[in-house]
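Worksheet for the structure shown next.
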Number of protein chains: 2
Amino acid sequence: MTSAAGLFDKAGYHTTNMAQLASAVGLGKPTLYHYFSGKDEILFWIHEEFIDPLIAKAELHRQAGLSASEELRLIMRDIIALMETHRGHVRVFFEHQRELGGEHQTSIRSKRDQYEAMVEAIVARGVSQGEFSTTNERLATLAIFGVCNWSYQWYRSGGDHTTDELADFFHDLVTNGLAAPAPKARP
Amino acid sequence: MTSAAGLFDKAGYHTTNMAQLASAVGLGKPTLYHYFSGKDEILFWIHEEFIDPLIAKAELHRQAGLSASEELRLIMRDIIALMETHRGHVRVFFEHQRELGGEHQTSIRSKRDQYEAMVEAIVARGVSQGEFSTTNERLATLAIFGVCNWSYQWYRSGGDHTTDELADFFHDLVTNGLAAPAPKARP
C-alpha cells in the first residue's frame with residue numbers, strides 16, 4: 001500500500017498501472033491481481049490506511065480527559081504528522097476520493113464524516129465549557145481542517161519545523177481565534 | 001477555458017481528451033489544435049485565468065489604503081468567491097499543477113509565489129503596525145491560505161452562506177487569532 005501510495009503520489013494515479021504497482025513490490029502482475037481486483041481496490045485500501053488510524057487516535061484522545069483545546073492540539077498533530085509519514089496516502093486521499101467506486105466511496109465518506117464529527121464535537125465541548133466562542137461550530141471545524149490539511153500542498157520533509165511544531169503554531173492561532181472573550185472586569 | 005475547466009473538474013484531467021474538449025465548445029478537433037498545441041496548453045491557460053485576476057485584485061486592494069485586517073478580508077473574499085465562480089479552475093489549479101510542463105510550471109509557480117508574498121506582506125504590515133502579533137508571518141500566511149483554499153474540497157453552491165459570509169467568518173477567526181494582545185491596563 002505504501003509503495004502504491006508513493007507511486008500514485010509521484011507519477012499520478014491515472015498514469016500508474018497494475019504492472020508498475022506489481023513491479024514496485026517485486027511481484028508478478030498475476031500475483032498482485034490475486035490480492036486486489038484492480039487499481040481501484042488498492043486506492044480504496046490506501047484510503048483506509050489513512051483514515052482508520054486517525055479515527056483510532058482521536059478515540060484515544062477523547063478518552064484522555066483533556067481540555068477541548070488540548071484535545072484539539074493532539075488532533076492537529078496527528079493530521080500534520082501524516083504529511084511526513086504518509087505523504088502519498090494523503091495526496092491520494094484528498095485528490096482521488098471522487099474516483100473511488102460506489103460502495104468504496106460510501107464507506108470512505110462515512111469514515112471521513114465520522115472523523116469530522118469527532119473534531120466538531122471537540123469544538124462544541126470547548127464552547128459549552130466556556131473555553132471557545134464561535135457562532136458556527138461547523139465552519140470553525142472546517143477552518144481547523146483547512147489549516148491542517150492544506151499543509152499537504154506545501155509541507156516539505158527536512159524543513160525548519162517538525163510537524164509537531166507546525167501543529168502547535170496552527171493550534172495556537174486557531175484556539176486564540178476561538179478563545180471566548182475574557183469576562184469583563186466588574187466595575 | 002471555462003468548458004475545459006468544467007470537464008476536467010467533472011471527468012478528471014487524465015480521462016478527458018482533445019476530441020471531448022473540442023466537442024464541448026462546438027469545434028472540430030483540428031480547429032481546437034489550431035489554437036492550442038494540446039491538453040497541456042489548455043491546462044496552462046486555466047491556471048493563468050485563475051491566478052491573474054487574483055493578483056490584479058490584490059494589487060487594487062493594496063492601493064486602497066486599508067488596515068491590514070480589512071485588506072486581508074478582501075483577499076479572503078476574492079479566494080473563496082472563486083469556489084462559486086471558477087470551481088473547475090480551482091480544482092485544476094490545486095490538483096494538476098504538478099502536471100504542467102517545465103516552462104509553464106515555472107511561470108505559474110512564480111505567479112503563485114508572487115500572490116503568496118503579497119498576502120504575507122499584509123500580515124507583516126499588520127504586525128509592524130501593531131494590529132497583528134505572530135511569531136512566524138510565513139506560517140500565519142499558510143494558515144490563511146489553508147482556511148480559504150481548503151473550501152474547494154467542501155464548498156457547495158446554494159448552501160447556507162454566501163462566499164462573502166464564509167470569508168468573513170474565517171477572516172474574523174484568523175484575525176482574532178492574530179490579534180496583538182491588548183496593552184495591559186496601567187496599575
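The chains in the C-alpha cells are called A, B, ... from first to last as shown; in each chain the residues are counted from 1, and the ligands are counted from 1 in the order shown.
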Any chance you could tabulate, as a Markdown table, the residues of chain A at most 6 Å from chain B with each one's nearest atom pair and distance in Å to one decimal, using only C-alpha atoms, in chain and rising number order?
```
| residue | atom | partner | partner_atom | distance |
| --- | --- | --- | --- | --- |
| A:Ala143 | CA | B:Val147 | CA | 5.0 |
| A:Gly146 | CA | B:Val147 | CA | 4.4 |
| A:Val147 | CA | B:Gly146 | CA | 4.4 |
| A:Trp150 | CA | B:Gly146 | CA | 4.9 |
| A:Leu173 | CA | B:Gly177 | CA | 4.8 |
| A:Val174 | CA | B:Gly177 | CA | 5.9 |
| A:Asn176 | CA | B:Gly177 | CA | 4.5 |
| A:Gly177 | CA | B:Gly177 | CA | 3.5 |
```
So that I can check the secondary structure, give me every residue of segment 19-61 of chain B assigned alpha helix (DSSP H) by backbone DSSP, as an NGL selection string.
:B and (19-24 or 29-35 or 39-61)
For the atom pair atom CA of Leu100 of chain A and atom CA of Ala81 of chain B, what is the interatomic distance in Å to one decimal place?
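Going from atom CA of Leu100 of chain A over to atom CA of Ala81 of chain B covers 28.3 Å.
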Have a look at A:Val90, A:Tyr33, A:Glu84, A:Ala24 and name the one nearest to Gly159 of chain A; count only C-alpha atoms.
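Ranked by minimum distance to Gly159 of chain A, first place goes to A:Glu84.
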Please indicate the distance in Å from atom CA of Ala121 of chain B to atom CA of Ala180 of chain B, rounded to one decimal place.
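Between atom CA of Ala121 of chain B and atom CA of Ala180 of chain B the gap is 16.8 Å.
Counting only C-alpha atoms, Ala124 of chain B has the following residues at most 10 Å away, ignoring those fewer than 3 positions along the same chain: Ala68, Met118, Val119, Glu120, Ala121, Val127, Ser128, Gln129, Gly130, Glu131, Phe132, Ser133, Thr134, Asn136, Glu137, Arg138, Ala140 and Thr141 of chain B.
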Test item: residues at most 10 Å from Ala58 of chain B, only C-alpha atoms, excluding those fewer than 3 positions along its chain, as a PDB file with C-alpha atoms, in the first residue's frame:
```pdb
ATOM      1  CA  ASP B  52      -4.002  36.550 -12.910  1.00  0.00           C
ATOM      2  CA  PRO B  53      -7.271  38.094 -11.654  1.00  0.00           C
ATOM      3  CA  LEU B  54      -6.350  37.228  -8.054  1.00  0.00           C
ATOM      4  CA  ILE B  55      -3.077  39.119  -8.388  1.00  0.00           C
ATOM      5  CA  HIS B  61      -6.631  46.256  -2.550  1.00  0.00           C
ATOM      6  CA  ARG B  62      -3.026  47.135  -1.758  1.00  0.00           C
ATOM      7  CA  GLN B  63      -3.516  50.601  -3.203  1.00  0.00           C
ATOM      8  CA  ALA B  64      -6.753  51.248  -1.308  1.00  0.00           C
ATOM      9  CA  GLU B  71      -7.160  44.212   3.249  1.00  0.00           C
ATOM     10  CA  LEU B  72      -6.969  40.593   4.357  1.00  0.00           C
ATOM     11  CA  LEU B  74     -10.924  41.370   0.722  1.00  0.00           C
ATOM     12  CA  ILE B  75      -8.233  38.842  -0.172  1.00  0.00           C
ATOM     13  CA  ASP B  78     -11.591  37.007  -3.520  1.00  0.00           C
ATOM     14  CA  TYR B 115       0.490  36.108  -4.713  1.00  0.00           C
ATOM     15  CA  MET B 118       1.523  39.781  -1.360  1.00  0.00           C
ATOM     16  CA  VAL B 119      -0.555  38.137   1.364  1.00  0.00           C
TER      17      VAL B 119
END
```
Excluding same-chain residues fewer than 3 positions from Ile108 of chain B, what lies within 12 Å of it counting only C-alpha atoms, as a CSV table (one decimal) with C-alpha atoms, in the first residue's frame?
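Here's the written file out06.csv:
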```csv
chain,number,residue,atom,x,y,z
B,43,LEU,CA,-4.2,23.3,-18.6
B,44,PHE,CA,-1.7,26.2,-18.5
B,45,TRP,CA,-4.3,28.8,-19.6
B,46,ILE,CA,-6.7,27.6,-17.0
B,47,HIS,CA,-4.0,28.3,-14.4
B,48,GLU,CA,-3.5,31.7,-15.9
B,49,GLU,CA,-7.2,32.5,-15.8
B,50,PHE,CA,-7.2,31.6,-12.1
B,51,ILE,CA,-4.1,33.4,-10.8
B,52,ASP,CA,-4.0,36.6,-12.9
B,93,PHE,CA,-5.0,24.6,-10.2
B,94,PHE,CA,-4.6,22.8,-6.9
B,96,HIS,CA,-2.8,19.4,-11.6
B,97,GLN,CA,-0.1,22.0,-11.1
B,98,ARG,CA,2.5,19.2,-11.0
B,99,GLU,CA,1.5,18.0,-14.4
B,100,LEU,CA,2.2,21.3,-16.2
B,101,GLY,CA,5.3,21.1,-18.4
B,102,GLY,CA,8.6,22.7,-17.4
B,103,GLU,CA,8.3,26.3,-18.7
B,104,HIS,CA,4.6,26.5,-17.9
B,105,GLN,CA,5.1,25.2,-14.4
B,111,LYS,CA,2.8,33.8,-10.0
B,112,ARG,CA,1.7,31.7,-7.1
B,113,ASP,CA,4.7,32.7,-5.1
B,114,GLN,CA,4.1,36.4,-6.0
B,115,TYR,CA,0.5,36.1,-4.7
```
